[in-house]
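See below for the structure under consideration.
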Amino acid sequence: MADGTAAMPAHPSRTAIFDAVRADRTGPVATRLLSLARTGEPFVRREAMDLLSSLTSSQQPWPEALEAAMTRLGDPDEEVRRKAAFLVGHRGQPDVVLAVLGDLTDPVVRTVLARALGPAVAPLRTDPLAAVRFLAHLMTLRSAPPVRWPALDRALLTDAREAALHLADAGQLWGRVLYGLGRERQAYALVAGLLAHPATRDIGAGLAREACHRWRAAPVTLLPLLVRYGGQESAPGLADALRTALISEAARQAHGPLIAGLPFAPSPRPRRCPCGDPPVYDSASAAALLAAKPVGIKRLGHAIAIFGTLLDAGPLTFRQAAQLYGLTFARPGRSQAECAPLWLRHAGPSVLPRLLPLMTPHLADYTVGEFYLAGLAGMGRAALPALPAVTALIERRTRIPVNDSTADGEMALDERLLSAAHSTRHAILTAVDPWPSQGPPPP
């Protein structure tokens, strides 16, 4: 712990501590760790609290760790107090946490404990600490009927400024609750009001950023406000909110002149695409490559180039057609998405009722949706029956649920799918020939 390696994920020293404590929670390593949590230097106490939190769960409770954390709720070091409160709040029983919270006065500790309570904090709407009241009102709002929303909104606005002293992400928390209630317009109105006052500008920026992460229209609506107040004595969160809003292609297009003078350029994540150009095949090399593959092949790199070359040269052989059939129908994924237009070229329009239902369920899948959209685009007007599914993807107001390491990254993935859907709809509607660049359909 002294050299910091105990805090490094997968480091041998950290692994050794975990193995020893899990093997024997009364052994010398566990005993030493509990002791260091109470008596070590501040940086050691911090690391010890982190380790105790990682080693304690609802499935593997450790009462001694909870007791050690309870003794540190009054620690001279604020970060130790914060980490101890996190352990107590997340590993202790709600009634115990509520009792501890009522006995303490430190706003940092009380805020961490209240936050850890989740819905159980709702009764504390008259607590003396604004951060606790703010959390309690948020939890109440989550499940309150619409008739109670105005009163709860006023209470949140009253406490927001003071609550933000101990809740750095008050705006984000507020935005998540509003999203869960479907209150998009209310979120935008709140952002405008909060940004207008310097004391609540950071909260407004956090709420704006959360809105951009949740609703597709938010960047277009909120970008002018973020630019306006970002040019004044800026709150720390405004730059982050601006960068988030600029991930939106629609916002950049709608407000091009407005953002031209910004001190930083938008940095949306690049589109995911293969590196370099695909290999060039002639019919002989393409046929030779397929001849070396089994009939039941499940994946094939550059399938579009390989089968496209062979289809340009003439009908597929029986074996080649069997390979293409398997790639198209065996299982969902990139190969299916890329090969479906090729099977349409081979088999003709009679297969559309079977192909399109394979493709449309995966358009919103952030791992393969772009490939399926590209496949539909490659079908041209033959994909018209799939147009409602593509349009639904474009017209949804909320972000598509995706999984990435950051909220900005998840927003960028949704933007990428949205852009692909627009391109697909354009390709389907503007194609003149239902068999583009391939000659007449087979008989």
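Naming works like this for the structure tokens: A, B, ... for the chains as they're shown, residue 1 at the start of each chain, ligands 1 onward in shown order.
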
Polymer residues at most 9 Å from stretch 324-331 of chain A, only C-alpha atoms, same-chain spacing of 6 or more positions, as a ChimeraX atom specification: /A:295-300,303,307,337-340,342-343,355,358

With N, CA, C and O atoms retained, export the selected residues as a JSON list (two decimals), in the first residue's frame.
[["chain", "number", "residue", "atom", "x", "y", "z"],
["A", 295, "VAL", "N", -18.05, -25.15, -47.29],
["A", 295, "VAL", "CA", -19.39, -24.73, -47.68],
["A", 295, "VAL", "C", -20.09, -24.05, -46.50],
["A", 295, "VAL", "O", -20.81, -23.05, -46.67],
["A", 296, "GLY", "N", -19.89, -24.56, -45.31],
["A", 296, "GLY", "CA", -20.56, -24.02, -44.12],
["A", 296, "GLY", "C", -19.84, -22.87, -43.47],
["A", 296, "GLY", "O", -19.90, -22.70, -42.25],
["A", 297, "ILE", "N", -19.16, -22.06, -44.24],
["A", 297, "ILE", "CA", -18.42, -20.92, -43.70],
["A", 297, "ILE", "C", -19.37, -19.98, -42.96],
["A", 297, "ILE", "O", -20.50, -19.73, -43.41],
["A", 298, "LYS", "N", -18.94, -19.46, -41.80],
["A", 298, "LYS", "CA", -19.79, -18.59, -40.98],
["A", 298, "LYS", "C", -19.43, -17.11, -41.12],
["A", 298, "LYS", "O", -20.28, -16.25, -40.91],
["A", 299, "ARG", "N", -18.18, -16.82, -41.42],
["A", 299, "ARG", "CA", -17.75, -15.44, -41.60],
["A", 299, "ARG", "C", -16.83, -15.36, -42.80],
["A", 299, "ARG", "O", -16.12, -16.32, -43.12],
["A", 300, "LEU", "N", -16.82, -14.19, -43.44],
["A", 300, "LEU", "CA", -15.96, -14.01, -44.60],
["A", 300, "LEU", "C", -15.64, -12.53, -44.74],
["A", 300, "LEU", "O", -16.52, -11.70, -44.98],
["A", 303, "ALA", "N", -16.64, -9.94, -48.02],
["A", 303, "ALA", "CA", -17.64, -10.73, -48.75],
["A", 303, "ALA", "C", -18.27, -9.91, -49.88],
["A", 303, "ALA", "O", -18.56, -10.45, -50.95],
["A", 307, "PHE", "N", -18.09, -11.73, -53.49],
["A", 307, "PHE", "CA", -19.30, -12.20, -54.16],
["A", 307, "PHE", "C", -19.77, -11.18, -55.20],
["A", 307, "PHE", "O", -20.36, -11.55, -56.23],
["A", 337, "ALA", "N", -25.57, -9.07, -42.54],
["A", 337, "ALA", "CA", -25.91, -7.74, -43.03],
["A", 337, "ALA", "C", -25.26, -7.47, -44.39],
["A", 337, "ALA", "O", -25.88, -6.87, -45.28],
["A", 338, "GLU", "N", -24.02, -7.89, -44.55],
["A", 338, "GLU", "CA", -23.32, -7.63, -45.80],
["A", 338, "GLU", "C", -23.76, -8.56, -46.92],
["A", 338, "GLU", "O", -23.74, -8.18, -48.10],
["A", 339, "CYS", "N", -24.15, -9.77, -46.57],
["A", 339, "CYS", "CA", -24.45, -10.76, -47.60],
["A", 339, "CYS", "C", -25.92, -10.73, -48.04],
["A", 339, "CYS", "O", -26.24, -11.26, -49.11],
["A", 340, "ALA", "N", -26.79, -10.15, -47.25],
["A", 340, "ALA", "CA", -28.21, -10.13, -47.63],
["A", 340, "ALA", "C", -28.43, -9.45, -48.98],
["A", 340, "ALA", "O", -29.16, -9.97, -49.84],
["A", 342, "LEU", "N", -26.39, -9.27, -51.40],
["A", 342, "LEU", "CA", -25.79, -10.16, -52.40],
["A", 342, "LEU", "C", -26.72, -11.33, -52.70],
["A", 342, "LEU", "O", -26.86, -11.75, -53.86],
["A", 343, "TRP", "N", -27.37, -11.86, -51.65],
["A", 343, "TRP", "CA", -28.33, -12.95, -51.89],
["A", 343, "TRP", "C", -29.52, -12.45, -52.69],
["A", 343, "TRP", "O", -30.06, -13.16, -53.54],
["A", 355, "LEU", "N", -35.82, -11.91, -46.45],
["A", 355, "LEU", "CA", -34.61, -11.18, -46.09],
["A", 355, "LEU", "C", -34.88, -10.01, -45.15],
["A", 355, "LEU", "O", -34.18, -9.84, -44.14],
["A", 358, "LEU", "N", -35.16, -10.40, -41.46],
["A", 358, "LEU", "CA", -33.89, -10.72, -40.81],
["A", 358, "LEU", "C", -33.12, -9.46, -40.45],
["A", 358, "LEU", "O", -32.34, -9.45, -39.50]]

Between atom CA of A:Leu33 and atom CA of A:Ala7 - distance in Å to one decimal: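 Spanning atom CA of A:Ala7 to atom CA of A:Leu33 is a straight-line distance of 13.2 Å.
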
Contacts of A:Pro224 at 12 Å (only C-alpha atoms; same-chain gap of 3+ positions) as a PyMOL selection string: chain A and resi 188+191-192+195+208+218-221+227-231+241-242+245-246+251-252+254-259+262

Nearest residue to A:Gly380 from the set A:Thr424, A:Ser283, A:Ser350, A:Ser13 (distances using only C-alpha atoms):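 Going through A:Thr424, A:Ser283, A:Ser350, A:Ser13 one by one, the smallest distance to A:Gly380 is for A:Thr424.
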
Long-range neighbours of A:Arg45 as a VMD selection string, 10 Å cut-off, only C-alpha atoms, 4 positions minimum in chain: chain A and resid 1 33 to 41 49 to 51 72 75 77 79 to 81 83 to 84

Nearest-residue call for A:Ala205, choices A:Val177, A:Ala284, A:Ala168, A:Leu87, using only C-alpha atoms: A:Ala168

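Candidate residues A:Leu316, A:Leu429, A:Ala364, A:Val112 were compared for distance to A:Pro385, and the nearest is A:Leu429, using only C-alpha atoms.
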
d(atom CA of A:Asp106, atom CA of A:Leu124) in Å: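 Separation of atom CA of A:Asp106 and atom CA of A:Leu124: 16.2 Å.
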
For A:Met379, the nearest of the candidates A:Gly102, A:Gly348, A:Gly409, A:Pro28, counting only C-alpha atoms: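 So, comparing all the options, the nearest one is A:Gly348.
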
Nearby residues (only C-alpha atoms) at most 6 Å from stretch 131-144 of chain A, same-chain spacing under 3 positions excluded, as JSON, numbers by chain: {"A": [111, 119, 121, 122, 124, 125, 127, 156, 163, 177]}

Shell of 9 Å around A:Thr430, only C-alpha atoms, local chain residues under 3 positions omitted, as an MDAnalysis selection string: chainID A and resid 380:381 425:427

Who sits within 8 Å of A:Leu387, only C-alpha atoms, same chain under 4 positions skipped, as a list in words: Ala383, Thr391, Arg425 and Ile428 of chain A

Okay, now the selection with C-alpha atoms, as an mmCIF file, in the first residue's frame?
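What ended up in part09.cif:
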data_model
loop_
_atom_site.group_PDB
_atom_site.id
_atom_site.type_symbol
_atom_site.label_atom_id
_atom_site.label_comp_id
_atom_site.auth_asym_id
_atom_site.auth_seq_id
_atom_site.Cartn_x
_atom_site.Cartn_y
_atom_site.Cartn_z
ATOM 1 C CA ALA A 383 -35.759 -2.222 -49.533
ATOM 2 C CA THR A 391 -37.773 6.036 -40.375
ATOM 3 C CA ARG A 425 -33.336 6.373 -46.167
ATOM 4 C CA ILE A 428 -33.706 3.812 -50.689
#

Counting only C-alpha atoms, the residue of A:Ala130, A:Ala99, A:Ala196, A:Leu152 that sits nearest A:Ala164: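 So, comparing all the options, the nearest one is A:Ala130.
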
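Taking atom CA of A:Gly261 and atom CA of A:Ala407 as the two end points, the separation is 25.9 Å.
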